[in-house]
Amino acid sequence: MLQLAVILPTFNERKNIAPMVERLDAALQGIAWEAIFVDDNSPDGTAEEARRIGRDDPRVRVLERIGRRGLASAAIEGMCATAAPVVAVMDADHQHDPALLPGMYEAVMSGDYDVAYASRFAEGASTEAWGRPDRVKASGLANRIARRVTGVQLSDPMSGYFMLRAETLRADAHRLSGVGFKILLDILATVDAPLRVKEFPLNFAARAEGESKLDRTVVFEFLIGLYDKWLGRIIPTRFALFGTIGGLGVIVHMAVLASVLSALGQEVLYSNWSAQTEFIIAQTSAAVVAMSFNFMLNNELTYADKRLRGFVPLLRGWAKFAMTCSVGLLANVGAGAALMRMGFHAYPAAIVGIVVGSVWNFALSSKFVWGKY
Ligand SMILES: Nc1nc2c(ncn2[C@@H]2O[C@H](COP(=O)(O)OP(=O)(O)O)[C@@H](O)[C@H]2O)c(=O)[nH]1
Ligand SMILES: [Mg+2]
């Protein structure tokens, strides 16, 4: 009878799959397990590689998601896709040692604990082999904030390697935020009943093949998760980020406008340029700079999980973003003008126009620039 499901979210991990299945097989002797690779349609063919192995070994399953990205939602959906009574989540890149699984399983099955997890910062754990002192520091800081804010007293609440009974998860799955990468913390902060947690020291290894997708700073990641729990239901997290970045874009626009105007001011004195030409040049360059600034920042932060990389994808994304924003500008001005005609004051009309334009830009660019259209 199936006892344990190991959920492995993957994105571009093709070379890590076969060795991972071997290590699971070696570690889980005596436990009836299955592995579910939740792959977000990786371009490197990760899902196909897992299916290849699954044809010979039915313990290996694939959940392929098309047009979606996200580690937390992948973990949640994987955990909901098994009949096993106990589920574990771990990375597929070999940073998490599968040898801890039997001990974690024993702890959960004993009934003494609801959750078993592997900590990078427990006594006896180490992060030396990781080779990323910068991220060790960032994780440490994020963990301290997490403990302070959530009251969850674990040495590593940001860990991505844990196990629990599937029913514990399913009871509250609909309340999880599914945003960001910190699914364990999400579970601990969401579930009402206090969970009894057993910690296992982990020797956090370096990634075997491929590259990290989560290099957005852990602290930032964590703040996002916090916002999401707090206000995310009222103003969706991505939209809040998008809007904040848009606000910064306005400042950038004004700064560029002012400096181009003052640089061109001399020209107007000595040539036959009119002040109007001057304004058009300044306003256009300010708009292009501000929009590019917004594009890059959204690509790094708002859509870090779907980040466009490489010159051509970036250029294409930039062009699409520019198109999206020009439509948004029309929506903005259109809505504002309509309100003015209805007798509204200019300022409230302008604000409504900005909101309408931003919603439009957000809706369109999330699909058209960073999603599947
Ligand atoms: N399905 C899915 N898996 C992801 C996504 N982002 C990262 N992963 C997987 O989550 C695990 C941890 O990601 P990784 O990039 O190693 O993060 P790091 O260890 O914090 O640097 C790996 O197995 C990744 O393949 C995603 O958007 N979707
Ligand atoms: Mg990793």
# chains A, B, ... in the order shown; residues from 1 in each chain; ligands from 1

call {"tool": "residues_near_ligand", "arguments": {"ligand": "ligand 2", "cutoff": "8 Å", "atoms": "only C-alpha atoms and all ligand atoms", "output": "list of chain:residue names"}}
result
A:Asp91, A:Ala92, A:Asp93, A:His94, A:Gln95, A:Ala206, A:Arg207, A:Glu211, A:Ser212, A:Lys213, A:Leu214

call {"tool": "write_last_selection", "arguments": {"atoms": "N, CA and C atoms", "output": "short mmCIF file (atom, residue, chain, number, x, y, z; two decimals), in the first residue's frame"}}
result
data_model
loop_
_atom_site.label_atom_id
_atom_site.label_comp_id
_atom_site.auth_asym_id
_atom_site.auth_seq_id
_atom_site.Cartn_x
_atom_site.Cartn_y
_atom_site.Cartn_z
N ASP A 91 13.42 19.77 -2.94
CA ASP A 91 13.96 20.28 -4.19
C ASP A 91 14.51 19.13 -5.02
N ALA A 92 14.48 19.31 -6.32
CA ALA A 92 14.96 18.26 -7.22
C ALA A 92 16.42 18.45 -7.59
N ASP A 93 17.07 19.47 -7.05
CA ASP A 93 18.42 19.80 -7.51
C ASP A 93 19.51 19.19 -6.63
N HIS A 94 19.13 18.28 -5.73
CA HIS A 94 20.07 17.56 -4.87
C HIS A 94 20.63 18.40 -3.72
N GLN A 95 20.03 19.56 -3.47
CA GLN A 95 20.47 20.32 -2.29
C GLN A 95 19.90 19.70 -1.02
N ALA A 206 25.41 21.84 -2.37
CA ALA A 206 25.38 22.71 -3.55
C ALA A 206 24.47 22.04 -4.57
N ARG A 207 23.88 22.84 -5.41
CA ARG A 207 23.01 22.33 -6.48
C ARG A 207 23.85 21.44 -7.40
N GLU A 211 20.87 25.74 -12.87
CA GLU A 211 21.05 26.96 -12.07
C GLU A 211 19.82 27.27 -11.23
N SER A 212 20.05 28.08 -10.19
CA SER A 212 18.98 28.47 -9.27
C SER A 212 17.97 29.37 -9.97
N LYS A 213 16.68 29.16 -9.67
CA LYS A 213 15.67 30.05 -10.21
C LYS A 213 15.24 31.09 -9.19
N LEU A 214 15.73 30.94 -7.97
CA LEU A 214 15.16 31.75 -6.90
C LEU A 214 16.13 32.79 -6.37
#

call {"tool": "select_by_dssp", "arguments": {"residues": "range 191-360 of chain A", "states": "strand (DSSP E)", "output": "MDAnalysis selection string"}}
result
chainID A and resid 197:201

call {"tool": "write_last_selection", "arguments": {"atoms": "all heavy atoms", "output": "short mmCIF file (atom, residue, chain, number, x, y, z; two decimals), in the first residue's frame"}}
result
data_model
loop_
_atom_site.label_atom_id
_atom_site.label_comp_id
_atom_site.auth_asym_id
_atom_site.auth_seq_id
_atom_site.Cartn_x
_atom_site.Cartn_y
_atom_site.Cartn_z
N VAL A 197 6.18 20.21 15.57
CA VAL A 197 7.17 20.14 14.50
C VAL A 197 8.45 19.48 14.99
O VAL A 197 8.97 19.82 16.05
CB VAL A 197 7.52 21.56 13.99
CG1 VAL A 197 8.53 21.48 12.86
CG2 VAL A 197 6.26 22.27 13.51
N LYS A 198 8.95 18.53 14.23
CA LYS A 198 10.25 17.94 14.55
C LYS A 198 11.29 18.40 13.52
O LYS A 198 11.03 18.38 12.32
CB LYS A 198 10.17 16.42 14.57
CG LYS A 198 11.52 15.77 14.71
CD LYS A 198 11.48 14.53 15.56
CE LYS A 198 12.84 13.86 15.51
NZ LYS A 198 13.36 13.53 16.79
N GLU A 199 12.43 18.80 14.06
CA GLU A 199 13.48 19.38 13.22
C GLU A 199 14.56 18.34 12.92
O GLU A 199 14.97 17.62 13.81
CB GLU A 199 14.09 20.53 14.03
CG GLU A 199 14.64 21.65 13.24
CD GLU A 199 14.78 22.91 14.10
OE1 GLU A 199 15.67 22.93 14.98
OE2 GLU A 199 14.02 23.85 13.89
N PHE A 200 15.02 18.30 11.69
CA PHE A 200 16.14 17.42 11.32
C PHE A 200 17.26 18.28 10.76
O PHE A 200 17.03 19.03 9.81
CB PHE A 200 15.70 16.40 10.26
CG PHE A 200 14.78 15.35 10.79
CD1 PHE A 200 13.44 15.61 10.99
CD2 PHE A 200 15.27 14.09 11.11
CE1 PHE A 200 12.58 14.64 11.48
CE2 PHE A 200 14.43 13.11 11.61
CZ PHE A 200 13.08 13.39 11.81
N PRO A 201 18.46 18.17 11.36
CA PRO A 201 19.57 18.97 10.82
C PRO A 201 19.92 18.52 9.41
O PRO A 201 20.02 17.32 9.13
CB PRO A 201 20.73 18.71 11.78
CG PRO A 201 20.29 17.62 12.69
CD PRO A 201 18.84 17.40 12.54
#

call {"tool": "residues_near_ligand", "arguments": {"ligand": "ligand 1", "cutoff": "8 Å", "atoms": "only C-alpha atoms and all ligand atoms", "output": "PyMOL selection string"}}
result
chain A and resi 8-13+37-40+65+68-75+90-93+95+160+181+207+211-215+305-306

call {"tool": "select_by_dssp", "arguments": {"residues": "range 44-219 of chain A", "states": "helix (DSSP H, G or I)", "output": "compact mmCIF listing (two decimals) with N, CA, C and O atoms, in the first residue's frame"}}
result
# COMPACT_ATOMS: atom_id res chain seq x y z
N THR A 46 12.40 18.57 -18.92
CA THR A 46 12.37 17.87 -17.63
C THR A 46 11.21 16.89 -17.54
O THR A 46 11.39 15.74 -17.12
N ALA A 47 10.02 17.34 -17.94
CA ALA A 47 8.83 16.49 -17.80
C ALA A 47 8.98 15.23 -18.63
O ALA A 47 8.64 14.12 -18.19
N GLU A 48 9.50 15.39 -19.84
CA GLU A 48 9.66 14.22 -20.72
C GLU A 48 10.66 13.23 -20.11
O GLU A 48 10.46 12.02 -20.16
N GLU A 49 11.71 13.77 -19.52
CA GLU A 49 12.70 12.91 -18.87
C GLU A 49 12.05 12.12 -17.73
O GLU A 49 12.28 10.92 -17.57
N ALA A 50 11.21 12.79 -16.94
CA ALA A 50 10.54 12.10 -15.83
C ALA A 50 9.56 11.07 -16.37
O ALA A 50 9.44 9.96 -15.81
N ARG A 51 8.88 11.38 -17.45
CA ARG A 51 7.97 10.40 -18.04
C ARG A 51 8.73 9.19 -18.56
O ARG A 51 8.28 8.05 -18.43
N ARG A 52 9.90 9.44 -19.14
CA ARG A 52 10.72 8.34 -19.64
C ARG A 52 11.02 7.36 -18.51
O ARG A 52 10.88 6.15 -18.67
N ILE A 53 11.40 7.91 -17.36
CA ILE A 53 11.71 7.04 -16.22
C ILE A 53 10.43 6.38 -15.71
O ILE A 53 10.41 5.21 -15.36
N GLY A 54 9.34 7.14 -15.71
CA GLY A 54 8.06 6.63 -15.21
C GLY A 54 7.50 5.48 -16.02
O GLY A 54 6.71 4.68 -15.51
N ARG A 55 7.88 5.39 -17.30
CA ARG A 55 7.37 4.27 -18.10
C ARG A 55 7.91 2.94 -17.59
O ARG A 55 7.23 1.93 -17.65
N ASP A 56 9.14 2.97 -17.06
CA ASP A 56 9.72 1.74 -16.50
C ASP A 56 9.41 1.60 -15.02
O ASP A 56 9.42 0.51 -14.48
N LEU A 71 6.83 27.94 -7.48
CA LEU A 71 7.24 26.82 -6.65
C LEU A 71 6.16 26.45 -5.62
O LEU A 71 5.82 25.29 -5.45
N ALA A 72 5.60 27.46 -4.95
CA ALA A 72 4.64 27.16 -3.89
C ALA A 72 3.39 26.48 -4.45
O ALA A 72 2.93 25.47 -3.91
N SER A 73 2.86 27.01 -5.53
CA SER A 73 1.65 26.41 -6.07
C SER A 73 1.96 25.01 -6.63
O SER A 73 1.12 24.11 -6.53
N ALA A 74 3.16 24.81 -7.16
CA ALA A 74 3.54 23.48 -7.64
C ALA A 74 3.55 22.49 -6.48
O ALA A 74 3.05 21.37 -6.59
N ALA A 75 4.10 22.91 -5.34
CA ALA A 75 4.16 22.02 -4.18
C ALA A 75 2.75 21.69 -3.70
O ALA A 75 2.42 20.53 -3.43
N ILE A 76 1.89 22.69 -3.64
CA ILE A 76 0.52 22.46 -3.15
C ILE A 76 -0.22 21.50 -4.09
O ILE A 76 -0.83 20.53 -3.64
N GLU A 77 -0.13 21.77 -5.39
CA GLU A 77 -0.85 20.91 -6.32
C GLU A 77 -0.31 19.49 -6.31
O GLU A 77 -1.06 18.52 -6.42
N GLY A 78 1.00 19.35 -6.18
CA GLY A 78 1.59 18.01 -6.09
C GLY A 78 1.08 17.27 -4.87
O GLY A 78 0.70 16.10 -4.94
N MET A 79 1.02 17.96 -3.74
CA MET A 79 0.55 17.31 -2.51
C MET A 79 -0.92 16.92 -2.61
O MET A 79 -1.36 15.99 -1.95
N PRO A 98 18.03 13.11 0.44
CA PRO A 98 16.89 12.20 0.62
C PRO A 98 17.09 11.23 1.79
O PRO A 98 16.12 10.63 2.26
N ALA A 99 18.32 11.11 2.26
CA ALA A 99 18.58 10.18 3.37
C ALA A 99 17.81 10.58 4.63
O ALA A 99 17.62 9.75 5.53
N LEU A 100 17.34 11.84 4.71
CA LEU A 100 16.58 12.25 5.89
C LEU A 100 15.14 11.74 5.86
O LEU A 100 14.45 11.75 6.89
N LEU A 101 14.67 11.31 4.69
CA LEU A 101 13.25 10.99 4.54
C LEU A 101 12.75 9.91 5.51
O LEU A 101 11.69 10.09 6.13
N PRO A 102 13.46 8.76 5.66
CA PRO A 102 12.92 7.74 6.56
C PRO A 102 12.74 8.23 7.99
O PRO A 102 11.71 7.94 8.62
N GLY A 103 13.68 9.01 8.49
CA GLY A 103 13.55 9.55 9.84
C GLY A 103 12.36 10.50 9.95
O GLY A 103 11.61 10.48 10.93
N MET A 104 12.18 11.33 8.93
CA MET A 104 11.05 12.25 8.92
C MET A 104 9.74 11.46 8.89
O MET A 104 8.77 11.79 9.59
N TYR A 105 9.73 10.41 8.08
CA TYR A 105 8.53 9.57 7.97
C TYR A 105 8.19 8.94 9.31
O TYR A 105 7.03 8.94 9.74
N GLU A 106 9.20 8.45 9.97
CA GLU A 106 9.00 7.82 11.28
C GLU A 106 8.40 8.83 12.26
O GLU A 106 7.47 8.53 13.01
N ALA A 107 8.94 10.04 12.25
CA ALA A 107 8.47 11.07 13.18
C ALA A 107 6.99 11.38 12.94
O ALA A 107 6.21 11.50 13.88
N VAL A 108 6.61 11.52 11.66
CA VAL A 108 5.22 11.86 11.35
C VAL A 108 4.30 10.68 11.69
O VAL A 108 3.21 10.86 12.24
N MET A 109 4.76 9.45 11.38
CA MET A 109 3.94 8.27 11.63
C MET A 109 3.78 7.96 13.11
O MET A 109 2.80 7.35 13.52
N GLU A 128 27.86 24.89 4.66
CA GLU A 128 29.17 25.13 4.07
C GLU A 128 29.24 24.69 2.60
O GLU A 128 29.70 25.43 1.74
N ALA A 129 28.73 23.49 2.34
CA ALA A 129 28.83 22.92 1.00
C ALA A 129 28.03 23.73 -0.03
O ALA A 129 28.26 23.64 -1.22
N TRP A 130 27.08 24.52 0.46
CA TRP A 130 26.25 25.33 -0.42
C TRP A 130 27.12 26.29 -1.23
O TRP A 130 26.90 26.53 -2.41
N PRO A 133 27.74 32.05 0.85
CA PRO A 133 27.64 32.76 2.13
C PRO A 133 26.66 33.92 2.08
O PRO A 133 26.01 34.24 3.08
N ASP A 134 26.51 34.54 0.91
CA ASP A 134 25.57 35.66 0.79
C ASP A 134 24.14 35.21 1.07
O ASP A 134 23.39 35.84 1.81
N ARG A 135 23.80 34.05 0.50
CA ARG A 135 22.43 33.59 0.70
C ARG A 135 22.23 32.99 2.10
O ARG A 135 21.13 33.02 2.63
N VAL A 136 23.29 32.45 2.69
CA VAL A 136 23.19 31.98 4.08
C VAL A 136 22.81 33.15 4.97
O VAL A 136 21.91 33.07 5.81
N LYS A 137 23.49 34.28 4.74
CA LYS A 137 23.22 35.48 5.54
C LYS A 137 21.79 35.97 5.34
O LYS A 137 21.06 36.24 6.30
N ALA A 138 21.40 36.05 4.07
CA ALA A 138 20.04 36.54 3.77
C ALA A 138 18.99 35.62 4.39
O ALA A 138 18.01 36.09 4.96
N SER A 139 19.21 34.31 4.30
CA SER A 139 18.25 33.37 4.87
C SER A 139 18.17 33.54 6.38
O SER A 139 17.09 33.47 6.96
N GLY A 140 19.34 33.75 6.99
CA GLY A 140 19.37 33.94 8.44
C GLY A 140 18.54 35.15 8.85
O GLY A 140 17.73 35.08 9.77
N LEU A 141 18.72 36.25 8.13
CA LEU A 141 17.97 37.47 8.43
C LEU A 141 16.47 37.25 8.23
O LEU A 141 15.65 37.58 9.10
N ALA A 142 16.12 36.64 7.09
CA ALA A 142 14.70 36.39 6.81
C ALA A 142 14.09 35.50 7.89
O ALA A 142 12.97 35.71 8.33
N ASN A 143 14.87 34.52 8.34
CA ASN A 143 14.38 33.63 9.39
C ASN A 143 14.12 34.38 10.69
O ASN A 143 13.13 34.12 11.37
N ARG A 144 15.01 35.31 11.01
CA ARG A 144 14.81 36.07 12.25
C ARG A 144 13.53 36.90 12.16
O ARG A 144 12.72 36.92 13.09
N ILE A 145 13.33 37.56 11.02
CA ILE A 145 12.10 38.34 10.85
C ILE A 145 10.88 37.40 10.92
O ILE A 145 9.89 37.70 11.58
N ALA A 146 11.01 36.25 10.26
CA ALA A 146 9.88 35.32 10.21
C ALA A 146 9.49 34.88 11.61
O ALA A 146 8.32 34.84 11.96
N ARG A 147 10.47 34.59 12.44
CA ARG A 147 10.18 34.14 13.81
C ARG A 147 9.49 35.25 14.58
O ARG A 147 8.51 35.03 15.28
N ARG A 148 10.02 36.46 14.43
CA ARG A 148 9.46 37.61 15.13
C ARG A 148 8.00 37.82 14.73
O ARG A 148 7.11 37.97 15.56
N VAL A 149 7.76 37.81 13.42
CA VAL A 149 6.44 38.20 12.92
C VAL A 149 5.39 37.09 13.08
O VAL A 149 4.25 37.35 13.44
N THR A 150 5.77 35.86 12.80
CA THR A 150 4.76 34.80 12.80
C THR A 150 4.71 34.07 14.13
O THR A 150 3.78 33.31 14.38
N ALA A 166 -1.03 14.09 4.67
CA ALA A 166 -1.72 14.76 3.56
C ALA A 166 -3.01 15.42 4.03
O ALA A 166 -3.38 16.49 3.55
N GLU A 167 -3.68 14.81 5.01
CA GLU A 167 -4.96 15.39 5.44
C GLU A 167 -4.75 16.72 6.17
O GLU A 167 -5.58 17.62 6.06
N THR A 168 -3.64 16.84 6.89
CA THR A 168 -3.33 18.12 7.55
C THR A 168 -3.27 19.22 6.49
O THR A 168 -3.78 20.33 6.68
N LEU A 169 -2.61 18.89 5.39
CA LEU A 169 -2.45 19.87 4.32
C LEU A 169 -3.78 20.15 3.64
O LEU A 169 -4.16 21.31 3.46
N ARG A 170 -4.50 19.08 3.31
CA ARG A 170 -5.73 19.26 2.52
C ARG A 170 -6.78 20.05 3.28
O ARG A 170 -7.55 20.80 2.69
N ALA A 171 -6.79 19.90 4.62
CA ALA A 171 -7.79 20.61 5.40
C ALA A 171 -7.70 22.12 5.18
O ALA A 171 -8.69 22.82 5.22
N ASP A 172 -6.48 22.61 4.94
CA ASP A 172 -6.31 24.05 4.82
C ASP A 172 -5.76 24.49 3.48
O ASP A 172 -5.41 25.66 3.31
N ALA A 173 -5.69 23.55 2.54
CA ALA A 173 -5.04 23.88 1.26
C ALA A 173 -5.67 25.10 0.60
O ALA A 173 -4.98 25.93 0.01
N HIS A 174 -6.99 25.24 0.74
CA HIS A 174 -7.65 26.35 0.05
C HIS A 174 -7.31 27.70 0.67
O HIS A 174 -7.56 28.74 0.08
N ARG A 175 -6.74 27.69 1.88
CA ARG A 175 -6.41 28.97 2.53
C ARG A 175 -4.95 29.36 2.34
O ARG A 175 -4.53 30.43 2.76
N ILE A 183 6.68 27.73 1.29
CA ILE A 183 5.44 27.01 1.49
C ILE A 183 5.31 26.47 2.92
O ILE A 183 4.23 26.47 3.49
N LEU A 184 6.41 26.05 3.52
CA LEU A 184 6.34 25.54 4.90
C LEU A 184 5.84 26.64 5.85
O LEU A 184 4.93 26.42 6.65
N LEU A 185 6.44 27.81 5.72
CA LEU A 185 6.04 28.94 6.56
C LEU A 185 4.57 29.28 6.32
O LEU A 185 3.81 29.56 7.25
N ASP A 186 4.19 29.23 5.07
CA ASP A 186 2.80 29.48 4.69
C ASP A 186 1.87 28.50 5.43
O ASP A 186 0.86 28.89 6.02
N ILE A 187 2.24 27.23 5.42
CA ILE A 187 1.41 26.21 6.09
C ILE A 187 1.37 26.48 7.59
O ILE A 187 0.30 26.50 8.20
N LEU A 188 2.52 26.71 8.19
CA LEU A 188 2.57 26.90 9.64
C LEU A 188 1.77 28.13 10.06
O LEU A 188 1.14 28.14 11.12
N ALA A 189 1.81 29.18 9.23
CA ALA A 189 1.12 30.41 9.60
C ALA A 189 -0.38 30.33 9.30
O ALA A 189 -1.17 31.09 9.84
N THR A 190 -0.78 29.41 8.43
CA THR A 190 -2.18 29.33 8.01
C THR A 190 -3.01 28.39 8.87
O THR A 190 -4.13 28.71 9.25
N VAL A 218 16.10 36.46 -0.55
CA VAL A 218 15.19 35.74 0.33
C VAL A 218 14.40 36.71 1.20
O VAL A 218 13.24 36.47 1.53
N VAL A 219 15.05 37.80 1.57
CA VAL A 219 14.38 38.76 2.44
C VAL A 219 13.20 39.39 1.70
O VAL A 219 12.09 39.50 2.21

call {"tool": "atom_distance", "arguments": {"atom1": "CA of Gly247 in chain A", "atom2": "CA of Leu176 in chain A"}}
result
29.1 Å

call {"tool": "atom_distance", "arguments": {"atom1": "CA of Asn299 in chain A", "atom2": "CA of Ser366 in chain A"}}
result
10.5 Å

call {"tool": "residues_around", "arguments": {"residues": "range 326-328 of chain A", "least_positions_apart": "6", "cutoff": "12 Å", "atoms": "only C-alpha atoms", "output": "PyMOL selection string"}}
result
chain A and resi 287-288+291+319-320+334-335+353-365

call {"tool": "closest_residue", "arguments": {"among": "A:Arg196, A:Lys229, A:Lys15, A:Arg120", "to": "Val152 in chain A", "atoms": "only C-alpha atoms"}}
result
A:Arg196

call {"tool": "closest_residue", "arguments": {"among": "A:Val6, A:Ala258, A:Ala122, A:Ile234", "to": "Pro85 in chain A", "atoms": "only C-alpha atoms"}}
result
A:Val6

call {"tool": "closest_residue", "arguments": {"among": "A:Asn16, A:Thr82, A:Ser42, A:Thr302", "to": "Leu2 in chain A", "atoms": "only C-alpha atoms"}}
result
A:Thr82

call {"tool": "closest_residue", "arguments": {"among": "A:Ser119, A:Thr244, A:Ser285, A:Ser126", "to": "Ser155 in chain A", "atoms": "only C-alpha atoms"}}
result
A:Ser119

call {"tool": "closest_residue", "arguments": {"among": "A:Ala240, A:Gln153, A:Phe368, A:Val252", "to": "Ala290 in chain A", "atoms": "only C-alpha atoms"}}
result
A:Val252

call {"tool": "residues_around", "arguments": {"residues": "Ala35 in chain A", "least_positions_apart": "2", "cutoff": "9 Å", "atoms": "only C-alpha atoms", "output": "PyMOL selection string"}}
result
chain A and resi 4-8+21+24+33+37+59-62

call {"tool": "residues_around", "arguments": {"residues": "Trp318 in chain A", "least_positions_apart": "5", "cutoff": "9 Å", "atoms": "only C-alpha atoms", "output": "number ranges by chain"}}
result
A: 291-292, 295-296, 313, 323, 369

call {"tool": "atom_distance", "arguments": {"atom1": "CA of Ala350 in chain A", "atom2": "CA of Thr284 in chain A"}}
result
20.0 Å
